[in-house]
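Peer 1: My structure is stored as data02.txt, with compact mmCIF, C-alpha atoms.
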```
# COMPACT_ATOMS: atom_id res chain seq x y z
CA MET A 1 0.00 0.00 0.00
CA LEU A 2 1.39 3.42 -1.00
CA MET A 3 1.99 6.07 1.64
CA ARG A 4 1.18 9.78 1.21
CA ASN A 5 2.08 10.83 -2.33
CA PRO A 6 5.53 12.51 -2.18
CA LEU A 7 5.27 13.96 -5.70
CA THR A 8 4.26 17.58 -6.21
CA VAL A 9 2.50 18.48 -9.46
CA LEU A 10 4.25 21.31 -11.34
CA PHE A 11 2.30 21.08 -14.61
CA ARG A 12 -0.47 18.84 -15.95
CA ASP A 13 -2.56 18.78 -19.09
CA ASP A 14 -4.02 16.08 -21.35
CA HIS A 15 -0.54 15.05 -22.56
CA LEU A 16 2.00 15.69 -19.81
CA LEU A 17 2.38 15.26 -16.08
CA VAL A 18 5.38 17.16 -14.68
CA VAL A 19 6.22 16.64 -11.01
CA HIS A 20 8.84 17.36 -8.38
CA LYS A 21 10.49 14.15 -7.14
CA PRO A 22 12.10 14.13 -3.68
CA ALA A 23 15.59 12.78 -3.12
CA GLY A 24 15.70 9.09 -2.24
CA LEU A 25 12.82 7.95 -4.44
CA LEU A 26 13.50 5.67 -7.42
CA VAL A 27 11.75 6.54 -10.67
CA HIS A 28 11.02 2.88 -11.47
CA ARG A 29 12.14 -0.62 -10.56
CA SER A 30 15.88 -1.23 -10.96
CA PRO A 31 18.02 -4.38 -10.88
CA ILE A 32 20.29 -2.57 -8.40
CA ASP A 33 17.49 -1.95 -5.89
CA ARG A 34 15.38 -5.12 -6.10
CA HIS A 35 14.15 -4.79 -2.50
CA GLU A 36 12.47 -1.41 -3.06
CA THR A 37 8.69 -1.35 -3.28
CA GLU A 38 7.90 2.33 -3.87
CA PHE A 39 8.63 4.24 -7.06
CA ALA A 40 7.84 7.62 -8.57
CA LEU A 41 6.11 5.77 -11.42
CA GLN A 42 3.52 4.35 -9.01
CA TYR A 43 2.86 7.72 -7.43
CA ALA A 44 2.58 9.37 -10.85
CA ARG A 45 -0.05 6.78 -11.82
CA ALA A 46 -1.98 7.72 -8.69
CA LEU A 47 -1.88 11.36 -9.80
CA ASN A 48 -3.11 10.19 -13.21
CA GLY A 49 -6.25 8.56 -11.82
CA GLY A 50 -4.61 5.14 -11.72
CA ARG A 51 -3.92 5.16 -15.46
CA HIS A 52 -0.54 4.32 -16.94
CA VAL A 53 2.10 7.04 -17.40
CA PHE A 54 5.39 6.93 -19.30
CA PRO A 55 8.62 8.34 -17.80
CA VAL A 56 10.39 10.19 -20.61
CA HIS A 57 13.79 10.72 -18.93
CA ARG A 58 15.90 9.65 -15.96
CA LEU A 59 16.41 11.27 -12.59
CA ASP A 60 18.79 9.43 -10.28
CA ARG A 61 17.46 8.21 -6.97
CA PRO A 62 19.44 10.67 -4.79
CA THR A 63 18.67 13.62 -7.11
CA SER A 64 15.58 15.69 -6.45
CA GLY A 65 13.65 17.89 -8.82
CA ILE A 66 11.71 18.04 -12.06
CA LEU A 67 10.53 14.76 -13.56
CA VAL A 68 8.40 14.51 -16.70
CA PHE A 69 5.85 11.79 -17.48
CA ALA A 70 3.83 11.42 -20.67
CA ARG A 71 0.17 10.50 -20.32
CA ASP A 72 0.03 8.59 -23.63
CA SER A 73 2.42 6.64 -25.84
CA VAL A 74 2.48 9.16 -28.71
CA THR A 75 3.54 11.96 -26.35
CA ALA A 76 6.12 9.64 -24.78
CA ARG A 77 7.64 8.92 -28.19
CA THR A 78 7.71 12.60 -29.17
CA MET A 79 9.27 13.70 -25.89
CA GLY A 80 11.76 10.84 -25.98
CA LEU A 81 12.97 11.90 -29.42
CA ALA A 82 13.24 15.52 -28.27
CA MET A 83 15.33 14.41 -25.29
CA MET A 84 17.67 12.33 -27.45
CA SER A 85 18.14 15.11 -30.02
CA GLY A 86 19.06 17.71 -27.41
CA GLU A 87 15.92 19.81 -27.86
CA VAL A 88 15.14 19.74 -24.13
CA ASN A 89 17.21 22.06 -21.96
CA LYS A 90 17.74 21.01 -18.34
CA THR A 91 19.22 23.09 -15.55
CA TYR A 92 20.40 21.74 -12.20
CA LEU A 93 21.53 23.38 -8.99
CA ALA A 94 24.42 21.80 -7.11
CA MET A 95 26.64 22.48 -4.13
CA VAL A 96 30.25 21.50 -4.73
CA ARG A 97 33.52 21.40 -2.85
CA GLY A 98 35.93 24.23 -3.63
CA TRP A 99 35.53 27.31 -5.82
CA PRO A 100 35.19 26.52 -9.55
CA GLU A 101 35.89 29.07 -12.28
CA GLU A 102 33.15 31.64 -12.89
CA CYS A 103 31.88 29.60 -15.86
CA GLY A 104 33.05 26.93 -18.26
CA GLU A 105 32.28 23.79 -20.24
CA ILE A 106 33.35 20.28 -19.35
CA ASP A 107 34.10 18.21 -22.44
CA TYR A 108 34.97 14.81 -21.05
CA PRO A 109 33.79 11.50 -22.59
CA LEU A 110 32.25 8.99 -20.18
CA LYS A 111 32.17 5.21 -20.22
CA GLU A 112 28.70 3.71 -20.02
CA GLU A 113 27.68 2.45 -16.57
CA PRO A 114 25.27 -0.50 -16.93
CA GLU A 115 22.67 -0.93 -14.18
CA ASP A 116 22.81 -4.72 -14.42
CA ARG A 117 25.71 -5.98 -12.32
CA ARG A 118 26.05 -8.98 -14.62
CA LEU A 119 27.42 -6.62 -17.28
CA LYS A 120 30.11 -5.11 -15.05
CA GLY A 121 32.88 -7.29 -16.47
CA ILE A 122 32.03 -6.46 -20.07
CA GLU A 123 33.87 -3.57 -21.72
CA GLN A 124 31.48 -0.65 -22.17
CA PRO A 125 31.52 2.01 -24.90
CA VAL A 126 32.78 5.53 -24.22
CA ARG A 127 30.40 8.35 -25.22
CA GLU A 128 31.02 12.05 -25.68
CA ALA A 129 29.65 14.15 -22.80
CA PHE A 130 29.33 17.92 -22.39
CA THR A 131 28.27 20.00 -19.39
CA ARG A 132 28.16 23.78 -19.04
CA TYR A 133 28.49 25.27 -15.58
CA ARG A 134 28.22 28.69 -13.93
CA THR A 135 29.23 29.55 -10.38
CA LEU A 136 26.43 31.39 -8.58
CA SER A 137 27.77 31.79 -5.06
CA THR A 138 30.78 30.87 -2.91
CA THR A 139 31.39 30.55 0.80
CA GLU A 140 34.22 29.63 3.16
CA ILE A 141 33.42 28.11 6.54
CA PRO A 142 35.83 28.11 9.52
CA VAL A 143 36.01 24.33 9.75
CA ALA A 144 39.07 22.18 9.04
CA ILE A 145 37.72 19.19 7.13
CA GLU A 146 40.87 18.29 5.23
CA LYS A 147 44.35 19.86 5.56
CA TYR A 148 43.29 23.52 5.55
CA PRO A 149 41.90 25.49 8.54
CA THR A 150 38.85 26.52 6.50
CA SER A 151 36.70 24.79 3.84
CA ARG A 152 35.40 26.29 0.61
CA TYR A 153 32.16 25.51 -1.22
CA ALA A 154 30.21 26.86 -4.16
CA VAL A 155 26.69 26.77 -5.55
CA VAL A 156 26.79 26.09 -9.28
CA GLU A 157 24.28 25.94 -12.10
CA LEU A 158 24.80 22.88 -14.30
CA CYS A 159 23.43 22.45 -17.82
CA PRO A 160 24.11 19.03 -19.38
CA ARG A 161 24.24 19.07 -23.17
CA THR A 162 24.26 15.26 -23.30
CA GLY A 163 22.49 12.69 -21.13
CA ARG A 164 25.02 10.17 -19.87
CA LYS A 165 24.42 8.24 -16.67
CA HIS A 166 25.63 10.17 -13.60
CA GLN A 167 27.07 12.74 -16.01
CA LEU A 168 26.95 15.76 -13.69
CA ARG A 169 28.36 13.88 -10.74
CA ARG A 170 31.20 12.38 -12.78
CA HIS A 171 31.98 15.64 -14.58
CA MET A 172 32.22 17.65 -11.35
CA LYS A 173 34.55 15.03 -9.91
CA HIS A 174 36.64 15.28 -13.09
CA ILE A 175 37.29 19.01 -12.51
CA ASN A 176 38.02 18.38 -8.80
CA HIS A 177 34.83 20.03 -7.55
CA PRO A 178 32.74 17.01 -6.52
CA ILE A 179 29.12 17.44 -5.50
CA VAL A 180 28.56 17.41 -1.75
CA GLY A 181 26.76 14.27 -0.60
CA ASP A 182 27.84 12.17 -3.58
CA ALA A 183 28.68 8.79 -2.05
CA ASN A 184 30.23 7.40 -5.25
CA HIS A 185 32.09 10.35 -6.74
CA GLY A 186 32.43 12.80 -3.84
CA ARG A 187 34.68 13.34 -0.83
CA GLY A 188 33.75 11.30 2.23
CA ARG A 189 34.94 13.77 4.87
CA HIS A 190 32.88 16.61 3.42
CA ASN A 191 29.84 14.37 3.01
CA ARG A 192 30.08 13.25 6.63
CA TYR A 193 30.50 16.79 7.92
CA PHE A 194 27.27 18.03 6.32
CA ALA A 195 25.36 14.86 7.21
CA GLU A 196 26.31 15.32 10.87
CA ARG A 197 25.76 19.08 10.88
CA PHE A 198 22.25 18.90 9.42
CA GLY A 199 21.18 15.54 10.82
CA GLN A 200 20.89 13.77 7.47
CA GLY A 201 22.95 13.19 4.36
CA ARG A 202 21.75 13.90 0.85
CA LEU A 203 23.15 14.50 -2.61
CA MET A 204 23.25 18.25 -3.19
CA LEU A 205 21.93 18.07 -6.74
CA ALA A 206 18.48 19.23 -7.83
CA ALA A 207 16.82 19.55 -11.25
CA THR A 208 15.35 23.06 -11.05
CA ARG A 209 14.42 24.11 -14.60
CA MET A 210 13.37 22.48 -17.86
CA GLU A 211 12.65 24.10 -21.22
CA PHE A 212 11.01 22.23 -24.09
CA THR A 213 8.49 22.48 -26.90
CA HIS A 214 5.09 21.11 -25.95
CA PRO A 215 4.67 17.88 -27.97
CA ALA A 216 1.07 18.65 -28.96
CA SER A 217 0.62 22.44 -29.02
CA GLY A 218 4.13 23.49 -30.04
CA GLU A 219 4.14 26.02 -27.21
CA GLN A 220 7.50 26.81 -25.61
CA MET A 221 7.33 25.47 -22.06
CA VAL A 222 9.41 26.50 -19.06
CA VAL A 223 8.92 24.59 -15.82
CA THR A 224 10.85 25.51 -12.67
CA ALA A 225 10.94 24.09 -9.16
CA THR A 226 12.36 25.26 -5.86
CA PRO A 227 14.63 22.63 -4.28
CA GLU A 228 13.16 20.75 -1.34
CA ASP A 229 13.69 21.82 2.26
CA SER A 230 16.53 19.36 2.94
CA PHE A 231 18.48 20.96 0.08
CA LEU A 232 17.76 24.54 1.12
CA GLU A 233 18.76 23.79 4.70
CA VAL A 234 22.29 22.88 3.62
CA LEU A 235 22.45 25.99 1.41
CA SER A 236 22.08 28.03 4.59
CA VAL A 237 25.89 27.99 4.79
CA PHE A 238 25.79 30.49 1.90
CA PRO A 239 24.89 33.94 3.29
CA GLU A 240 21.86 35.45 1.57
CA PHE A 241 21.87 33.00 -1.35
CA PRO A 242 18.52 33.53 -3.17
CA VAL A 243 16.60 30.44 -4.25
CA SER A 244 13.14 30.61 -5.83
CA GLY A 245 11.08 28.68 -8.36
CA GLN A 246 7.67 28.31 -9.86
CA SER A 247 5.97 26.47 -12.69
CA GLU A 248 4.96 28.34 -15.83
```
Give the structure from the file, written as structure tokens.
Peer 2:
Amino acid sequence: MLMRNPLTVLFRDDHLLVVHKPAGLLVHRSPIDRHETEFALQYARALNGGRHVFPVHRLDRPTSGILVFARDSVTARTMGLAMMSGEVNKTYLAMVRGWPEECGEIDYPLKEEPEDRRLKGIEQPVREAFTRYRTLSTTEIPVAIEKYPTSRYAVVELCPRTGRKHQLRRHMKHINHPIVGDANHGRGRHNRYFAERFGQGRLMLAATRMEFTHPASGEQMVVTATPEDSFLEVLSVFPEFPVSGQSE
């Protein structure tokens, strides 16, 4: 039996259901998490009157933010093609270790990461991957987490131009500014510090904006979402950092 629906509706019409997914919720069943029984797909069906919905893109379990479902197969196909051809623009907000450059592009190919553990020993193809970033705010806290007496962090805006698995997390690690709370690609000491300080650990990555052409009307759509409270609480280490969002 499903608990209270954790999804928040950002936009809904006859073709699309766009929601905010909290961190920690899988989109659908995965071979990595066979024991899980609750998924965003189930909750989206509940919001759709129990009728089937089609997820048109991925959002990793620890990532919160905008998630798009199609309400029919034709819309799903159209949106899927738009995603693959780069016609959908996604923007994420992240908190990273250190102070990155003011802006830049990461051009770093990534090897495919199969979900099925049985494929781990098989050589995987390497795909081109591009991410643009912009530093929005920086802070320095008087805490010695590694070898320095203080620790530096930044809030960055991330815009992936390709859609590789864990692309943003792997790209930020590549430029030595890993995302706080990233258990696989981050820095353990920093992750532990924030988990202890705020009473819970989470990946500091949120999908906050999506721009696309409506698959039926052709209208230019912009959907935005404010990060959830657990994200904003950690951002309190940045003095007066403004965060706002709304659906359009």
Peer 1: Quick one: distance from atom CA of A:Thr162 to atom CA of A:Gly86 in Å, one decimal?
Peer 2: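 Atom-to-atom, atom CA of A:Thr162 and atom CA of A:Gly86 are spaced 7.1 Å apart.
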Peer 1: Mind checking which residues fall within 7 Å of stretch 10-22 of chain A, counting only C-alpha atoms, ignoring those fewer than 6 positions away in the same chain, and posting them as a PyMOL selection string?
Peer 2: chain A and resi 64-72+75+247
Peer 1: With distances taken over all atoms listed in the file, which residue among A:Arg164, A:His28, A:Arg189, A:Arg45 lies nearest A:Asn5?
Peer 2: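 Under the stated criterion, the closest residue is A:Arg45.
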Peer 1: To one decimal place in Å, what is the distance between atom CA of A:Glu105 and atom CA of A:Asn89?
Peer 2: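 Those two atoms sit 15.3 Å apart.
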Peer 1: Find the axis-aligned box for stretch 217-236 of chain A, covering all its listed atoms and adding 4 Å on each side, and write its centre and edge lengths in Å to one decimal as JSON.
Peer 2:
```
{"center_x": 11.5, "center_y": 23.7, "center_z": -12.7, "size_x": 29.8, "size_y": 16.7, "size_z": 42.7}
```
Peer 1: Nearest to A:Ala94: which of A:Ser217, A:Asn48, A:Asn184, A:Thr63 is it, counting all atoms listed in the file?
Peer 2: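 Of A:Ser217, A:Asn48, A:Asn184, A:Thr63, the one nearest A:Ala94 is A:Thr63, counting all atoms listed in the file.
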Peer 1: Which of these, A:Ile122, A:Val155, A:Val222, A:Val9, has the shortest distance to A:Val237 once you count only C-alpha atoms?
Peer 2: A:Val155
Peer 1: For A:Glu112, work out the shell of residues within 12 Å, counting only C-alpha atoms and skipping chain neighbours fewer than 4 positions away, then give it as a tab-separated table (two decimals) with C-alpha atoms, in the coordinates of the input.
Peer 2:
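out21.tsv written:
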```
chain	number	residue	atom	x	y	z
A	116	ASP	CA	22.81	-4.72	-14.42
A	119	LEU	CA	27.42	-6.62	-17.28
A	120	LYS	CA	30.11	-5.11	-15.05
A	122	ILE	CA	32.03	-6.46	-20.07
A	123	GLU	CA	33.87	-3.57	-21.72
A	124	GLN	CA	31.48	-0.65	-22.17
A	125	PRO	CA	31.52	2.01	-24.90
A	126	VAL	CA	32.78	5.53	-24.22
A	127	ARG	CA	30.40	8.35	-25.22
A	128	GLU	CA	31.02	12.05	-25.68
A	129	ALA	CA	29.65	14.15	-22.80
A	163	GLY	CA	22.49	12.69	-21.13
A	164	ARG	CA	25.02	10.17	-19.87
A	165	LYS	CA	24.42	8.24	-16.67
A	166	HIS	CA	25.63	10.17	-13.60
A	167	GLN	CA	27.07	12.74	-16.01
A	170	ARG	CA	31.20	12.38	-12.78
```
Peer 1: Suppose you want the space between atom CA of A:Pro55 and atom CA of A:Ile106; what is it in Å?
Peer 2: 27.5 Å
Peer 1: Restricting the calculation to all atoms listed in the file, which member of A:His57, A:Lys90, A:His52, A:Arg132 is positioned closest to A:Ser73?
Peer 2: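 Checking each candidate against A:Ser73, we get A:His52 as the closest.
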Peer 1: At a cut-off of 12 Å around the point (31.5, 26.0, -10.9) (file coordinates), what residues fall inside when counting only C-alpha atoms? I'd like the answer as a PyMOL selection string.
Peer 2: chain A and resi 92-106+131-138+153-159+168+171-173+175-179
Peer 1: Given only C-alpha atoms as the basis, pick out the residue of A:Val143, A:Gln42, A:Arg169, A:Ala225 nearest to A:Asp182.
Peer 2: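 Answer, going by the shortest atom-to-atom distance: A:Arg169.
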Peer 1: For each of A:Val223, A:Ala76, A:Val56, A:Ala23, take the minimum atom-to-atom distance to A:Leu203, counting only C-alpha atoms, then give the residue where this is smallest.
Peer 2: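 Of the candidates, the smallest distance to A:Leu203 is held by A:Ala23.
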Peer 1: N, CA, C and O atoms are needed for stretch 54-79 of chain A; please write them out as a short mmCIF file (atom, residue, chain, number, x, y, z; two decimals), in the frame of the given file.
Peer 2:
```cif
data_model
loop_
_atom_site.label_atom_id
_atom_site.label_comp_id
_atom_site.auth_asym_id
_atom_site.auth_seq_id
_atom_site.Cartn_x
_atom_site.Cartn_y
_atom_site.Cartn_z
N PHE A 54 4.14 7.33 -18.68
CA PHE A 54 5.39 6.93 -19.30
C PHE A 54 6.50 7.90 -18.87
O PHE A 54 6.45 9.07 -19.24
N PRO A 55 7.50 7.45 -18.12
CA PRO A 55 8.62 8.34 -17.80
C PRO A 55 9.43 8.61 -19.07
O PRO A 55 9.77 7.68 -19.80
N VAL A 56 9.72 9.87 -19.35
CA VAL A 56 10.39 10.19 -20.61
C VAL A 56 11.87 10.52 -20.42
O VAL A 56 12.58 10.79 -21.39
N HIS A 57 12.35 10.51 -19.18
CA HIS A 57 13.79 10.72 -18.93
C HIS A 57 14.13 10.17 -17.56
O HIS A 57 13.24 9.75 -16.80
N ARG A 58 15.42 10.17 -17.24
CA ARG A 58 15.90 9.65 -15.96
C ARG A 58 16.10 10.77 -14.95
O ARG A 58 16.38 11.91 -15.29
N LEU A 59 15.97 10.41 -13.70
CA LEU A 59 16.41 11.27 -12.59
C LEU A 59 16.90 10.32 -11.52
O LEU A 59 16.14 9.50 -11.00
N ASP A 60 18.19 10.38 -11.22
CA ASP A 60 18.79 9.43 -10.28
C ASP A 60 18.08 9.45 -8.93
O ASP A 60 17.54 10.48 -8.51
N ARG A 61 18.12 8.33 -8.26
CA ARG A 61 17.46 8.21 -6.97
C ARG A 61 17.83 9.32 -5.98
O ARG A 61 16.95 9.92 -5.35
N PRO A 62 19.12 9.64 -5.79
CA PRO A 62 19.44 10.67 -4.79
C PRO A 62 19.23 12.10 -5.27
O PRO A 62 19.38 13.04 -4.48
N THR A 63 18.89 12.28 -6.56
CA THR A 63 18.67 13.62 -7.11
C THR A 63 17.21 13.99 -6.98
O THR A 63 16.32 13.19 -7.27
N SER A 64 16.96 15.20 -6.54
CA SER A 64 15.58 15.69 -6.45
C SER A 64 15.29 16.62 -7.61
O SER A 64 16.21 17.08 -8.30
N GLY A 65 14.00 16.89 -7.83
CA GLY A 65 13.65 17.89 -8.82
C GLY A 65 12.66 17.46 -9.88
O GLY A 65 11.87 16.54 -9.68
N ILE A 66 12.72 18.15 -11.01
CA ILE A 66 11.71 18.04 -12.06
C ILE A 66 11.79 16.69 -12.78
O ILE A 66 12.86 16.27 -13.22
N LEU A 67 10.65 16.04 -12.89
CA LEU A 67 10.53 14.76 -13.56
C LEU A 67 9.30 14.79 -14.45
O LEU A 67 8.22 15.16 -14.00
N VAL A 68 9.48 14.40 -15.71
CA VAL A 68 8.40 14.51 -16.70
C VAL A 68 7.85 13.12 -17.06
O VAL A 68 8.62 12.21 -17.38
N PHE A 69 6.54 13.00 -17.02
CA PHE A 69 5.85 11.79 -17.48
C PHE A 69 4.92 12.17 -18.64
O PHE A 69 4.32 13.25 -18.64
N ALA A 70 4.82 11.27 -19.60
CA ALA A 70 3.83 11.42 -20.67
C ALA A 70 2.58 10.64 -20.27
O ALA A 70 2.67 9.58 -19.64
N ARG A 71 1.43 11.15 -20.68
CA ARG A 71 0.17 10.50 -20.32
C ARG A 71 -0.34 9.59 -21.44
O ARG A 71 -1.40 8.97 -21.29
N ASP A 72 0.39 9.51 -22.55
CA ASP A 72 0.03 8.59 -23.63
C ASP A 72 1.29 8.23 -24.40
O ASP A 72 2.32 8.92 -24.30
N SER A 73 1.23 7.16 -25.17
CA SER A 73 2.42 6.64 -25.84
C SER A 73 2.93 7.55 -26.95
O SER A 73 4.14 7.62 -27.19
N VAL A 74 2.05 8.26 -27.64
CA VAL A 74 2.48 9.16 -28.71
C VAL A 74 3.29 10.31 -28.12
O VAL A 74 4.36 10.67 -28.63
N THR A 75 2.81 10.89 -27.02
CA THR A 75 3.54 11.96 -26.35
C THR A 75 4.87 11.45 -25.82
O THR A 75 5.90 12.14 -25.91
N ALA A 76 4.88 10.23 -25.29
CA ALA A 76 6.12 9.64 -24.78
C ALA A 76 7.16 9.52 -25.89
O ALA A 76 8.34 9.84 -25.69
N ARG A 77 6.72 9.08 -27.06
CA ARG A 77 7.64 8.92 -28.19
C ARG A 77 8.18 10.28 -28.64
O ARG A 77 9.38 10.44 -28.88
N THR A 78 7.30 11.26 -28.73
CA THR A 78 7.71 12.60 -29.17
C THR A 78 8.69 13.23 -28.20
O THR A 78 9.72 13.79 -28.58
N MET A 79 8.38 13.13 -26.91
CA MET A 79 9.27 13.70 -25.89
C MET A 79 10.59 12.95 -25.81
O MET A 79 11.66 13.56 -25.61
#
```
